[in-house]
file input.txt (compact mmCIF, C-alpha atoms and all ligand atoms)
# COMPACT_ATOMS: atom_id res chain seq x y z
CA MET A 5 0.00 0.00 0.00
CA VAL A 6 1.58 3.19 -1.06
CA VAL A 7 1.33 6.17 1.23
CA VAL A 8 -0.01 9.29 -0.43
CA MET A 9 -0.11 11.48 2.64
CA ASP A 10 1.31 10.86 6.04
CA VAL A 11 1.58 14.16 7.76
CA LYS A 12 -1.06 15.92 9.80
CA CYS A 13 -0.49 19.04 7.77
CA ARG A 14 -1.83 18.60 4.27
CA GLY A 15 0.21 21.43 2.74
CA ILE A 16 1.95 20.30 -0.41
CA ALA A 17 5.06 22.36 0.21
CA MET A 18 5.51 20.73 3.61
CA THR A 19 5.17 17.23 2.22
CA LEU A 20 7.72 17.93 -0.47
CA LEU A 21 10.25 19.38 1.92
CA PHE A 22 9.77 16.44 4.17
CA PHE A 23 10.45 13.86 1.48
CA LEU A 24 13.40 15.70 0.03
CA GLY A 25 14.86 16.16 3.49
CA PHE A 26 14.88 12.53 4.39
CA SER A 27 15.90 11.06 1.11
CA ALA A 28 18.88 13.38 1.20
CA ILE A 29 19.86 12.47 4.75
CA PHE A 30 19.33 8.73 4.86
CA PRO A 31 21.78 7.44 2.29
CA LEU A 32 24.50 9.35 4.11
CA CYS A 33 23.62 8.04 7.55
CA PHE A 34 23.64 4.39 6.65
CA SER A 35 26.13 4.05 3.89
CA ASP A 36 28.67 1.43 4.90
CA VAL A 37 31.53 3.30 3.29
CA ASN A 38 31.19 6.44 5.26
CA LEU A 39 29.68 6.21 8.74
CA PRO A 40 29.16 9.76 9.90
CA SER A 41 30.51 10.71 13.31
CA LEU A 42 27.06 10.96 14.86
CA THR A 43 26.44 7.28 14.24
CA HIS A 44 29.84 6.48 15.68
CA LYS A 45 29.04 8.32 18.88
CA LEU A 46 25.72 6.55 19.27
CA LEU A 47 27.08 3.12 18.50
CA PRO A 48 30.66 3.07 19.70
CA LEU A 49 30.91 -0.71 19.91
CA ILE A 50 29.53 -1.69 16.58
CA SER A 51 31.91 -2.88 13.97
CA LYS A 52 30.88 -4.30 10.65
CA ASN A 53 30.97 -7.98 11.57
CA ARG A 54 28.91 -7.51 14.72
CA ILE A 55 25.92 -6.32 12.68
CA GLY A 56 25.76 -9.69 11.00
CA SER A 57 22.42 -10.84 12.30
CA SER A 58 18.94 -11.05 10.83
CA VAL A 59 15.38 -11.68 11.96
CA VAL A 60 13.16 -14.06 10.00
CA PHE A 61 9.35 -14.21 10.17
CA PRO A 62 7.08 -16.83 8.62
CA VAL A 63 4.49 -15.24 6.32
CA GLN A 64 0.84 -16.34 5.88
CA GLY A 65 -1.59 -15.47 3.12
CA ASN A 66 -1.93 -15.53 -0.66
CA VAL A 67 -2.88 -13.32 -3.60
CA TYR A 68 -6.14 -15.12 -4.34
CA PRO A 69 -8.58 -15.56 -2.71
CA LEU A 70 -7.22 -13.80 0.42
CA GLY A 71 -5.51 -10.85 -1.23
CA TYR A 72 -2.79 -10.22 1.34
CA TYR A 73 0.29 -11.62 3.04
CA SER A 74 0.77 -11.13 6.78
CA VAL A 75 3.17 -11.90 9.60
CA SER A 76 2.46 -12.46 13.26
CA LEU A 77 4.42 -9.90 15.31
CA ASN A 78 4.76 -10.27 19.08
CA ILE A 79 4.53 -7.02 21.00
CA GLY A 80 4.80 -6.28 24.73
CA ASN A 81 5.77 -8.07 27.88
CA PRO A 82 4.10 -10.52 28.24
CA PRO A 83 3.97 -10.63 24.43
CA LYS A 84 0.75 -10.61 22.47
CA ALA A 85 0.65 -11.56 18.77
CA TYR A 86 -0.73 -9.25 16.08
CA ASP A 87 -1.32 -10.24 12.46
CA LEU A 88 0.12 -7.46 10.33
CA ASP A 89 -0.13 -6.85 6.61
CA VAL A 90 3.38 -6.99 5.05
CA ASP A 91 3.81 -3.66 3.27
CA SER A 92 6.95 -2.56 1.44
CA GLY A 93 4.94 0.43 0.19
CA SER A 94 5.01 2.23 3.55
CA ASP A 95 7.33 2.61 6.52
CA LEU A 96 5.20 3.01 9.62
CA THR A 97 4.17 -0.14 11.49
CA TRP A 98 0.89 0.27 13.34
CA VAL A 99 -1.57 -1.92 15.21
CA GLN A 100 -5.24 -1.46 15.98
CA CYS A 101 -5.36 0.22 19.31
CA ASN A 102 -7.77 0.31 22.20
CA ALA A 103 -7.56 3.99 23.00
CA PRO A 104 -10.59 3.42 22.47
CA CYS A 105 -10.89 2.64 18.75
CA LYS A 106 -12.97 3.86 15.84
CA GLY A 107 -12.83 1.68 12.72
CA CYS A 108 -11.07 -1.28 14.33
CA THR A 109 -11.94 -4.67 12.84
CA LYS A 110 -10.59 -6.65 15.81
CA PRO A 111 -12.46 -6.90 19.13
CA PRO A 112 -11.01 -4.79 21.99
CA SER A 113 -9.38 -7.90 23.52
CA GLN A 114 -7.24 -8.25 20.39
CA GLN A 115 -6.31 -4.59 20.14
CA TYR A 116 -3.13 -3.11 21.55
CA ARG A 117 -3.62 -1.23 24.80
CA PRO A 118 -1.22 1.64 25.42
CA ASN A 119 0.14 1.81 28.95
CA LYS A 120 1.84 5.12 29.72
CA ASN A 121 4.24 4.44 26.87
CA LEU A 122 3.48 7.23 24.43
CA VAL A 123 6.38 8.54 22.39
CA PRO A 124 6.68 12.26 23.15
CA CYS A 125 6.36 14.74 20.32
CA GLY A 126 9.89 16.00 20.99
CA ASP A 127 11.38 12.53 20.34
CA GLN A 128 13.34 12.54 17.09
CA LEU A 129 11.38 9.50 15.82
CA CYS A 130 8.28 11.66 15.86
CA GLY A 131 9.87 13.69 13.08
CA GLY A 132 9.42 10.61 10.88
CA VAL A 133 5.62 10.89 11.01
CA GLN A 134 5.22 14.65 11.23
CA SER A 135 6.36 17.16 8.69
CA SER A 136 7.81 19.50 11.26
CA PRO A 137 7.76 18.70 15.00
CA SER A 138 7.81 22.33 16.03
CA HIS A 139 4.74 22.91 13.90
CA HIS A 140 2.70 20.29 15.70
CA CYS A 141 4.09 20.11 19.21
CA GLN A 142 2.65 22.65 21.59
CA SER A 143 5.16 21.18 24.03
CA PRO A 144 7.82 18.47 23.51
CA ASN A 145 5.94 16.27 25.99
CA ASP A 146 2.78 16.16 23.93
CA GLN A 147 1.84 12.87 22.35
CA CYS A 148 3.14 12.21 18.84
CA ASP A 149 0.16 12.06 16.49
CA TYR A 150 0.43 10.34 13.14
CA GLU A 151 -1.85 9.92 10.17
CA VAL A 152 -1.19 7.71 7.16
CA GLU A 153 -3.36 7.69 4.10
CA TYR A 154 -2.78 4.81 1.67
CA ALA A 155 -3.21 5.47 -2.03
CA ASP A 156 -5.27 2.33 -2.46
CA HIS A 157 -6.48 1.31 0.97
CA GLY A 158 -7.96 3.83 3.40
CA SER A 159 -6.11 5.37 6.32
CA SER A 160 -4.99 5.06 9.92
CA MET A 161 -4.69 7.75 12.55
CA GLY A 162 -3.23 7.39 16.01
CA VAL A 163 -0.27 8.05 18.28
CA LEU A 164 3.25 6.64 18.42
CA VAL A 165 3.94 4.33 21.35
CA ARG A 166 7.08 2.44 22.34
CA ASP A 167 7.09 -1.14 23.58
CA VAL A 168 9.21 -4.27 23.75
CA ILE A 169 9.21 -6.31 20.54
CA PRO A 170 10.84 -9.70 21.24
CA LEU A 171 12.96 -10.81 18.28
CA ARG A 172 14.90 -14.01 17.68
CA LEU A 173 18.04 -13.29 15.69
CA THR A 174 19.61 -15.77 13.28
CA ASN A 175 22.72 -15.90 15.48
CA GLY A 176 20.59 -17.48 18.22
CA SER A 177 20.17 -14.45 20.51
CA VAL A 178 16.72 -13.39 21.64
CA LEU A 179 16.49 -9.65 22.13
CA GLY A 180 13.71 -7.35 23.27
CA PRO A 181 14.42 -3.92 21.83
CA ARG A 182 11.93 -1.18 22.72
CA LEU A 183 10.66 0.06 19.37
CA ALA A 184 8.25 2.79 18.38
CA PHE A 185 5.16 1.98 16.31
CA GLY A 186 1.74 3.41 15.70
CA CYS A 187 -1.23 2.79 17.95
CA GLY A 188 -4.05 3.26 15.44
CA TYR A 189 -7.34 4.29 17.02
CA ASP A 190 -9.12 5.68 13.94
CA GLN A 191 -9.11 3.64 10.72
CA THR A 192 -10.95 3.95 7.44
CA TYR A 193 -11.07 1.33 4.69
CA SER A 194 -11.79 2.04 1.07
CA GLY A 195 -12.05 -1.50 -0.34
CA PRO A 196 -15.23 -3.57 -0.60
CA THR A 197 -14.18 -5.55 2.48
CA SER A 198 -12.11 -4.44 5.44
CA PRO A 199 -8.78 -6.22 5.81
CA PRO A 200 -8.71 -8.99 8.42
CA SER A 201 -5.26 -8.04 9.69
CA ALA A 202 -4.69 -6.11 12.92
CA GLY A 203 -2.49 -3.50 11.29
CA VAL A 204 0.42 -2.96 8.94
CA LEU A 205 4.08 -4.00 9.08
CA GLY A 206 5.82 -1.25 7.10
CA LEU A 207 9.09 -2.30 5.44
CA GLY A 208 10.03 1.18 4.19
CA ASN A 209 13.14 2.94 5.48
CA GLY A 210 11.60 6.07 6.99
CA LYS A 211 13.02 6.84 10.42
CA SER A 212 9.87 5.96 12.39
CA GLY A 213 9.79 2.49 10.76
CA LEU A 214 11.01 -0.69 12.48
CA LEU A 215 13.77 -1.28 9.92
CA SER A 216 15.42 2.07 10.50
CA GLN A 217 15.12 1.69 14.30
CA LEU A 218 16.66 -1.80 14.31
CA THR A 219 19.45 -0.54 12.08
CA SER A 220 20.27 2.49 14.19
CA MET A 221 20.40 0.25 17.28
CA GLY A 222 23.09 -1.67 15.42
CA LEU A 223 21.16 -4.95 15.51
CA ILE A 224 20.92 -5.57 11.77
CA ARG A 225 22.10 -4.14 8.48
CA ASN A 226 19.68 -1.86 6.68
CA VAL A 227 18.31 -4.58 4.41
CA VAL A 228 14.86 -6.16 4.31
CA GLY A 229 13.37 -8.77 2.01
CA HIS A 230 10.52 -11.14 1.40
CA CYS A 231 9.85 -14.41 -0.35
CA LEU A 232 6.12 -14.84 -1.05
CA SER A 233 5.04 -18.25 -2.28
CA GLY A 234 2.55 -18.68 -5.13
CA ARG A 235 1.15 -21.59 -3.10
CA GLY A 236 0.57 -19.24 -0.14
CA GLY A 237 2.81 -18.37 2.80
CA GLY A 238 6.52 -17.65 2.61
CA PHE A 239 8.92 -15.69 4.77
CA LEU A 240 10.20 -12.21 5.48
CA PHE A 241 13.52 -11.02 6.84
CA PHE A 242 15.17 -7.95 8.35
CA GLY A 243 18.96 -7.92 7.90
CA ASP A 244 21.22 -9.32 5.21
CA HIS A 245 21.94 -12.87 6.36
CA LEU A 246 19.73 -14.57 3.77
CA VAL A 247 20.78 -12.46 0.79
CA PRO A 248 22.42 -14.81 -1.74
CA SER A 249 25.93 -13.73 -2.74
CA SER A 250 25.23 -14.37 -6.42
CA GLY A 251 22.36 -14.82 -8.84
CA VAL A 252 20.48 -11.70 -7.72
CA SER A 253 19.39 -9.12 -10.31
CA TRP A 254 20.00 -5.68 -8.78
CA THR A 255 18.67 -2.33 -9.93
CA PRO A 256 19.26 1.02 -8.20
CA ILE A 257 16.57 2.62 -6.07
CA LEU A 258 15.56 5.79 -7.90
CA PRO A 259 17.84 8.56 -6.59
CA GLY A 260 15.99 11.18 -4.59
CA SER A 261 12.90 8.99 -4.15
CA SER A 262 11.06 8.74 -0.84
CA VAL A 263 12.59 6.53 1.86
CA LYS A 264 9.10 5.37 2.78
CA HIS A 265 8.75 3.00 -0.16
CA TYR A 266 10.90 1.49 -2.90
CA VAL A 267 10.86 2.95 -6.41
CA SER A 268 13.00 1.89 -9.34
CA GLY A 269 13.13 2.44 -13.08
CA PRO A 270 12.88 3.49 -15.76
CA ALA A 271 11.75 0.12 -17.10
CA ASP A 272 10.48 -0.92 -20.53
CA LEU A 273 7.86 -3.61 -20.93
CA LEU A 274 8.53 -6.56 -23.22
CA PHE A 275 5.88 -9.01 -24.42
CA ASN A 276 7.21 -12.42 -25.35
CA ALA A 277 10.72 -10.87 -25.25
CA LYS A 278 9.77 -8.24 -27.87
CA PRO A 279 9.53 -4.49 -27.22
CA THR A 280 6.11 -2.89 -26.70
CA SER A 281 5.03 0.75 -26.71
CA VAL A 282 5.27 0.75 -22.90
CA LYS A 283 8.59 2.37 -22.02
CA GLY A 284 10.24 4.33 -19.26
CA LEU A 285 8.02 3.26 -16.36
CA GLN A 286 8.93 4.13 -12.79
CA VAL A 287 7.72 1.26 -10.66
CA ILE A 288 7.08 0.86 -6.94
CA PHE A 289 7.75 -2.57 -5.44
CA ASP A 290 4.79 -2.90 -3.10
CA SER A 291 4.14 -6.10 -1.14
CA GLY A 292 1.12 -4.34 0.39
CA SER A 293 -0.69 -4.48 -2.95
CA SER A 294 -2.14 -7.83 -4.06
CA TYR A 295 -2.15 -6.99 -7.76
CA THR A 296 0.05 -5.08 -10.21
CA TYR A 297 -1.15 -1.68 -11.41
CA PHE A 298 -0.05 0.33 -14.42
CA ASN A 299 -1.04 3.84 -15.40
CA SER A 300 -3.91 4.16 -17.82
CA ASN A 301 -1.85 4.33 -21.06
CA ALA A 302 0.42 1.44 -20.13
CA TYR A 303 -2.55 -0.61 -18.96
CA GLN A 304 -4.45 -0.03 -22.20
CA ALA A 305 -1.38 -1.03 -24.24
CA ILE A 306 -0.76 -4.21 -22.21
CA LEU A 307 -4.41 -5.21 -22.41
CA ASN A 308 -4.49 -4.66 -26.18
CA THR A 309 -1.30 -6.66 -26.63
CA ILE A 310 -2.51 -9.62 -24.56
CA VAL A 311 -5.99 -9.64 -26.09
CA GLY A 312 -4.54 -9.34 -29.61
CA ASP A 313 -2.26 -12.30 -28.97
CA LEU A 314 -5.17 -14.47 -27.76
CA LYS A 315 -7.01 -14.19 -31.09
CA GLY A 316 -7.69 -17.60 -32.55
CA LYS A 317 -6.97 -19.37 -29.25
CA GLN A 318 -9.54 -21.41 -27.35
CA LEU A 319 -10.41 -18.65 -24.91
CA SER A 320 -13.34 -16.29 -24.60
CA GLY A 321 -14.28 -13.46 -22.26
CA ALA A 322 -15.73 -14.69 -18.94
CA THR A 323 -18.04 -11.72 -18.48
CA THR A 324 -19.98 -13.25 -15.60
CA ASP A 325 -16.84 -13.79 -13.53
CA HIS A 326 -16.35 -10.60 -11.52
CA SER A 327 -13.28 -11.76 -9.58
CA LEU A 328 -11.28 -9.08 -11.47
CA PRO A 329 -12.19 -6.70 -14.32
CA VAL A 330 -10.85 -8.89 -17.19
CA CYS A 331 -11.36 -12.68 -17.16
CA TRP A 332 -11.26 -15.47 -19.71
CA LYS A 333 -12.78 -18.95 -19.81
CA GLY A 334 -11.69 -22.03 -21.71
CA THR A 335 -13.78 -24.74 -23.32
CA LYS A 336 -13.89 -26.36 -19.87
CA PRO A 337 -12.91 -24.94 -16.44
CA PHE A 338 -9.16 -24.68 -15.84
CA LYS A 339 -7.75 -26.62 -12.89
CA SER A 340 -4.42 -24.87 -12.62
CA LEU A 341 -2.53 -21.93 -14.09
CA ARG A 342 -0.37 -24.54 -15.81
CA ASP A 343 -3.36 -25.23 -18.09
CA VAL A 344 -2.93 -21.76 -19.63
CA ALA A 345 0.86 -21.54 -19.51
CA ASN A 346 1.04 -22.10 -23.28
CA LEU A 347 -1.80 -19.71 -24.14
CA PHE A 348 -0.32 -16.61 -22.48
CA LYS A 349 3.12 -15.17 -23.24
CA PRO A 350 5.60 -13.94 -20.66
CA LEU A 351 5.92 -10.24 -19.86
CA THR A 352 9.25 -8.72 -18.86
CA LEU A 353 10.17 -5.45 -17.20
CA SER A 354 13.56 -4.45 -18.51
CA PHE A 355 15.38 -1.91 -16.32
CA THR A 356 17.25 0.33 -18.69
CA ARG A 357 19.69 2.03 -16.29
CA THR A 358 21.35 -1.31 -15.68
CA LYS A 359 22.18 -3.62 -18.54
CA ASN A 360 20.38 -6.96 -18.68
CA VAL A 361 18.43 -6.43 -15.48
CA GLN A 362 15.01 -7.88 -16.08
CA LEU A 363 12.05 -8.79 -13.94
CA GLN A 364 10.49 -11.83 -15.60
CA LEU A 365 6.72 -12.08 -15.36
CA PRO A 366 5.55 -15.49 -16.59
CA PRO A 367 1.75 -15.91 -16.88
CA SER A 368 1.60 -17.04 -13.23
CA SER A 369 2.97 -13.59 -12.26
CA TYR A 370 0.07 -11.75 -13.87
CA LEU A 371 -2.89 -14.17 -13.89
CA ILE A 372 -5.07 -15.67 -11.19
CA LEU A 373 -7.17 -18.82 -11.42
CA THR A 374 -10.60 -18.07 -9.97
CA LYS A 375 -12.90 -20.41 -8.05
CA TYR A 376 -15.00 -20.67 -11.24
CA GLY A 377 -12.10 -22.16 -13.20
CA ASN A 378 -11.48 -19.02 -15.26
CA VAL A 379 -8.30 -16.98 -15.45
CA CYS A 380 -8.24 -13.22 -14.83
CA LEU A 381 -5.69 -10.55 -15.57
CA GLY A 382 -3.93 -9.55 -12.33
CA ILE A 383 -2.62 -6.36 -13.91
CA LEU A 384 -5.10 -3.58 -13.20
CA ASN A 385 -5.77 -0.03 -14.33
CA GLY A 386 -4.06 2.11 -11.70
CA SER A 387 -5.69 5.30 -12.93
CA GLY A 388 -9.07 3.62 -12.53
CA ALA A 389 -8.14 2.59 -8.96
CA GLY A 390 -7.25 6.13 -7.95
CA LEU A 391 -3.49 5.61 -8.15
CA GLY A 392 -3.01 8.30 -10.78
CA ASN A 393 0.15 7.67 -12.77
CA LEU A 394 1.79 5.35 -10.25
CA ASN A 395 2.92 1.93 -11.45
CA ILE A 396 2.89 -0.68 -8.72
CA ILE A 397 4.43 -4.14 -8.81
CA GLY A 398 2.22 -6.07 -6.41
CA ASP A 399 2.34 -9.50 -4.77
CA ILE A 400 1.10 -11.36 -7.86
CA SER A 401 4.30 -10.35 -9.69
CA LEU A 402 6.61 -10.70 -6.66
CA GLN A 403 5.61 -14.31 -5.91
CA ASP A 404 8.14 -17.13 -6.01
CA LYS A 405 11.03 -14.68 -5.92
CA MET A 406 13.23 -13.50 -3.12
CA VAL A 407 12.92 -9.71 -3.27
CA ILE A 408 15.52 -7.68 -1.39
CA TYR A 409 15.47 -3.99 -0.52
CA ASP A 410 19.04 -2.93 0.29
CA ASN A 411 19.00 0.57 1.75
CA GLU A 412 22.76 0.61 2.32
CA LYS A 413 23.63 0.09 -1.31
CA ARG A 414 20.36 1.78 -2.36
CA GLN A 415 19.27 -1.05 -4.62
CA ILE A 416 16.43 -3.53 -5.10
CA GLY A 417 17.18 -7.13 -6.05
CA TRP A 418 15.30 -10.29 -6.92
CA THR A 419 16.06 -13.89 -7.71
CA PRO A 420 13.80 -16.89 -8.41
CA ALA A 421 13.28 -18.81 -5.16
CA ASN A 422 11.30 -21.58 -3.59
CA CYS A 423 9.56 -19.58 -0.88
CA ASP A 424 7.99 -22.71 0.64
CA ARG A 425 11.38 -23.66 2.04
CA HIS A 426 11.75 -21.57 5.16
CA PRO A 427 15.27 -20.79 6.34
CA LYS A 428 15.97 -22.18 9.85
C1 LIG B 501 23.79 -11.71 17.85
O1 LIG B 501 23.71 -10.43 17.21
C2 LIG B 501 23.29 -9.38 18.07
C3 LIG B 501 23.13 -8.13 17.24
O2 LIG B 501 24.12 -7.98 16.27
C4 LIG B 501 24.31 -9.20 19.21
O3 LIG B 501 23.87 -8.19 20.07
C5 LIG B 501 24.41 -10.52 19.97
O4 LIG B 501 25.40 -10.43 20.94
C6 LIG B 501 24.77 -11.65 19.00
N1 LIG B 501 24.70 -12.91 19.72
C7 LIG B 501 25.62 -13.86 19.60
C8 LIG B 501 25.37 -15.13 20.35
O5 LIG B 501 26.62 -13.71 18.91
C1 LIG B 502 -8.37 3.38 -16.87
O1 LIG B 502 -8.93 4.27 -15.94
C2 LIG B 502 -9.07 5.59 -16.44
C3 LIG B 502 -9.56 6.46 -15.29
O2 LIG B 502 -10.71 5.94 -14.73
C4 LIG B 502 -10.06 5.56 -17.62
O3 LIG B 502 -10.19 6.86 -18.14
C5 LIG B 502 -9.52 4.61 -18.69
O4 LIG B 502 -10.45 4.49 -19.73
C6 LIG B 502 -9.25 3.26 -18.10
N1 LIG B 502 -8.59 2.44 -19.11
C7 LIG B 502 -9.05 1.24 -19.48
C8 LIG B 502 -8.32 0.56 -20.58
O5 LIG B 502 -10.03 0.72 -18.98

call {"tool": "encode", "arguments": {"input": "input.txt", "output": "structure tokens", "more": "lines below"}}
Ligand SMILES: *[C@@H]1O[C@H](CO)[C@@H](O)[C@H](O)[C@H]1NC(C)=O
Ligand SMILES: *[C@@H]1O[C@H](CO)[C@@H](O)[C@H](O)[C@H]1NC(C)=O
result
Amino acid sequence: MVVVMDVKCRGIAMTLLFFLGFSAIFPLCFSDVNLPSLTHKLLPLISKNRIGSSVVFPVQGNVYPLGYYSVSLNIGNPPKAYDLDVDSGSDLTWVQCNAPCKGCTKPPSQQYRPNKNLVPCGDQLCGGVQSSPSHHCQSPNDQCDYEVEYADHGSSMGVLVRDVIPLRLTNGSVLGPRLAFGCGYDQTYSGPTSPPSAGVLGLGNGKSGLLSQLTSMGLIRNVVGHCLSGRGGGFLFFGDHLVPSSGVSWTPILPGSSVKHYVSGPADLLFNAKPTSVKGLQVIFDSGSSYTYFNSNAYQAILNTIVGDLKGKQLSGATTDHSLPVCWKGTKPFKSLRDVANLFKPLTLSFTRTKNVQLQLPPSSYLILTKYGNVCLGILNGSGAGLGNLNIIGDISLQDKMVIYDNEKRQIGWTPANCDRHPK
């Protein structure tokens, strides 16, 4: 889910300043070549090889029929588990909160209850959710309000709190860092159904996010990744332990882009390895989106290309199947996406700033098989969904790959993977 607005002040100038400010500061702070003196003072004992750990979480969920992937995050002492939507399109982690709550989908017993642990407005982490602390804090001891509005999925409003989050590291240690996250007491949902999760696990690198906090505590390197299985489930990791040393296609994160999500490009679209009219796309890698969205022009071109290529094949429009806007049926119901593997051609996103870096999208990365035995196009019209000109690579196209967001080297990588095999 991509954040369109996450400051209390809706002024455009403020939002711009805010984004520019952070994207300029972050690469400096966490580059491994040049640790600035401030970081040295805060973390005097950390040398490169001591930050060698990672945290791994099992992931539940699927693209269809559920439409989301989630992890269970323990919070508090004694710990309580919360199912959170895995979202590389935003940075703030928040849980439904009994403060009391408006727009919570979980009963009060399953909501987080703050206990004199509000993050004060003067805390520097609060700057990650507010455009300008001085603008919003009457006094530095005020609570730190946040508001996130997702481009595709409603909003959450609440306060930042800080609590113990028990984590098992891959080196065997169990730690309980106190981390800040959002306590969301006012949610809205824009979809037809409200999400069943208890909140959002933001994987973006903004400074109020968990990734940035774990990194600045020196517990992990500033790397996060996921492996979402096409058969459902998978795993997620913070830190760089699981990143393969070879075989990963890397493309730079777009310079100057927001630290709250991961944008790359420009990328050209190929159909069956041949160029199409769709060129120069900037794309957001967004695990918080079930499907892939392209802007109106690109969408129209892709649809025309696919439909044109199906002419003369044993497929017809399945107009009564409303699972997604465009569906096809065969002469008899399909049992598996393998049944259509020969009817649909592969798509490829070719990243032009780096030679030979391609994101392969076989039919299983852009089609779903519905409960009626039809197949539907999992690439949707972003303009029609209120996303404007954004292009979003969602779960359907990220499945069965390990996808890595490396904020130290400012690059995004992927490699084919069996995401059913969880690392120990
Ligand atoms: C594991 O890594 C963490 C963070 O880097 C460190 O604090 C801890 O001492 C390490 N534990 C072991 C057993 O090496
Ligand atoms: C995509 O959505 C836009 C905005 O609603 C609309 O104008 C356009 O016709 C749609 N394109 C297709 C191919 O449906």

call {"tool": "residues_near_ligand", "arguments": {"input": "input.txt", "ligand": "ligand LIG 502 (chain B)", "cutoff": "12 Å", "atoms": "all atoms listed in the file", "output": "CSV table (one decimal) with C-alpha atoms, keeping the file's coordinate frame"}}
result
chain,number,residue,atom,x,y,z
A,297,TYR,CA,-1.2,-1.7,-11.4
A,298,PHE,CA,0.0,0.3,-14.4
A,299,ASN,CA,-1.0,3.8,-15.4
A,300,SER,CA,-3.9,4.2,-17.8
A,301,ASN,CA,-1.8,4.3,-21.1
A,302,ALA,CA,0.4,1.4,-20.1
A,303,TYR,CA,-2.6,-0.6,-19.0
A,304,GLN,CA,-4.4,0.0,-22.2
A,305,ALA,CA,-1.4,-1.0,-24.2
A,306,ILE,CA,-0.8,-4.2,-22.2
A,307,LEU,CA,-4.4,-5.2,-22.4
A,308,ASN,CA,-4.5,-4.7,-26.2
A,309,THR,CA,-1.3,-6.7,-26.6
A,311,VAL,CA,-6.0,-9.6,-26.1
A,329,PRO,CA,-12.2,-6.7,-14.3
A,330,VAL,CA,-10.8,-8.9,-17.2
A,383,ILE,CA,-2.6,-6.4,-13.9
A,384,LEU,CA,-5.1,-3.6,-13.2
A,385,ASN,CA,-5.8,0.0,-14.3
A,386,GLY,CA,-4.1,2.1,-11.7
A,387,SER,CA,-5.7,5.3,-12.9
A,388,GLY,CA,-9.1,3.6,-12.5
A,389,ALA,CA,-8.1,2.6,-9.0
A,390,GLY,CA,-7.2,6.1,-8.0
A,391,LEU,CA,-3.5,5.6,-8.2
A,392,GLY,CA,-3.0,8.3,-10.8
A,393,ASN,CA,0.2,7.7,-12.8

call {"tool": "residues_around", "arguments": {"input": "input.txt", "residues": "Met161 in chain A", "least_positions_apart": "6", "cutoff": "8 Å", "atoms": "only C-alpha atoms", "output": "ChimeraX atom specification"}}
result
/A:149-152,188-191

call {"tool": "atom_distance", "arguments": {"input": "input.txt", "atom1": "CA of Gly71 in chain A", "atom2": "CA of Gly107 in chain A"}}
result
20.1 Å

call {"tool": "closest_residue", "arguments": {"input": "input.txt", "among": "A:Gly176, A:Gly158, A:Gly238, A:Pro144", "to": "Pro196 in chain A", "atoms": "all atoms listed in the file"}}
result
A:Gly158

call {"tool": "closest_residue", "arguments": {"input": "input.txt", "among": "A:Val6, A:Val63, A:Leu88, A:Val267", "to": "Phe241 in chain A", "atoms": "only C-alpha atoms"}}
result
A:Val63

call {"tool": "residues_around", "arguments": {"input": "input.txt", "residues": "Thr374 in chain A", "least_positions_apart": "2", "cutoff": "12 Å", "atoms": "only C-alpha atoms", "output": "PDB file with C-alpha atoms, in the frame of the given file"}}
result
ATOM      1  CA  VAL A  67      -2.880 -13.320  -3.600  1.00  0.00           C
ATOM      2  CA  TYR A  68      -6.140 -15.120  -4.340  1.00  0.00           C
ATOM      3  CA  PRO A  69      -8.580 -15.560  -2.710  1.00  0.00           C
ATOM      4  CA  LEU A  70      -7.220 -13.800   0.420  1.00  0.00           C
ATOM      5  CA  ALA A 322     -15.730 -14.690 -18.940  1.00  0.00           C
ATOM      6  CA  THR A 324     -19.980 -13.250 -15.600  1.00  0.00           C
ATOM      7  CA  ASP A 325     -16.840 -13.790 -13.530  1.00  0.00           C
ATOM      8  CA  HIS A 326     -16.350 -10.600 -11.520  1.00  0.00           C
ATOM      9  CA  SER A 327     -13.280 -11.760  -9.580  1.00  0.00           C
ATOM     10  CA  LEU A 328     -11.280  -9.080 -11.470  1.00  0.00           C
ATOM     11  CA  VAL A 330     -10.850  -8.890 -17.190  1.00  0.00           C
ATOM     12  CA  CYS A 331     -11.360 -12.680 -17.160  1.00  0.00           C
ATOM     13  CA  TRP A 332     -11.260 -15.470 -19.710  1.00  0.00           C
ATOM     14  CA  LYS A 333     -12.780 -18.950 -19.810  1.00  0.00           C
ATOM     15  CA  PRO A 337     -12.910 -24.940 -16.440  1.00  0.00           C
ATOM     16  CA  PHE A 338      -9.160 -24.680 -15.840  1.00  0.00           C
ATOM     17  CA  LYS A 339      -7.750 -26.620 -12.890  1.00  0.00           C
ATOM     18  CA  SER A 340      -4.420 -24.870 -12.620  1.00  0.00           C
ATOM     19  CA  LEU A 341      -2.530 -21.930 -14.090  1.00  0.00           C
ATOM     20  CA  LEU A 371      -2.890 -14.170 -13.890  1.00  0.00           C
ATOM     21  CA  ILE A 372      -5.070 -15.670 -11.190  1.00  0.00           C
ATOM     22  CA  TYR A 376     -15.000 -20.670 -11.240  1.00  0.00           C
ATOM     23  CA  GLY A 377     -12.100 -22.160 -13.200  1.00  0.00           C
ATOM     24  CA  ASN A 378     -11.480 -19.020 -15.260  1.00  0.00           C
ATOM     25  CA  VAL A 379      -8.300 -16.980 -15.450  1.00  0.00           C
ATOM     26  CA  CYS A 380      -8.240 -13.220 -14.830  1.00  0.00           C
ATOM     27  CA  LEU A 381      -5.690 -10.550 -15.570  1.00  0.00           C
ATOM     28  CA  GLY A 382      -3.930  -9.550 -12.330  1.00  0.00           C
TER      29      GLY A 382
END
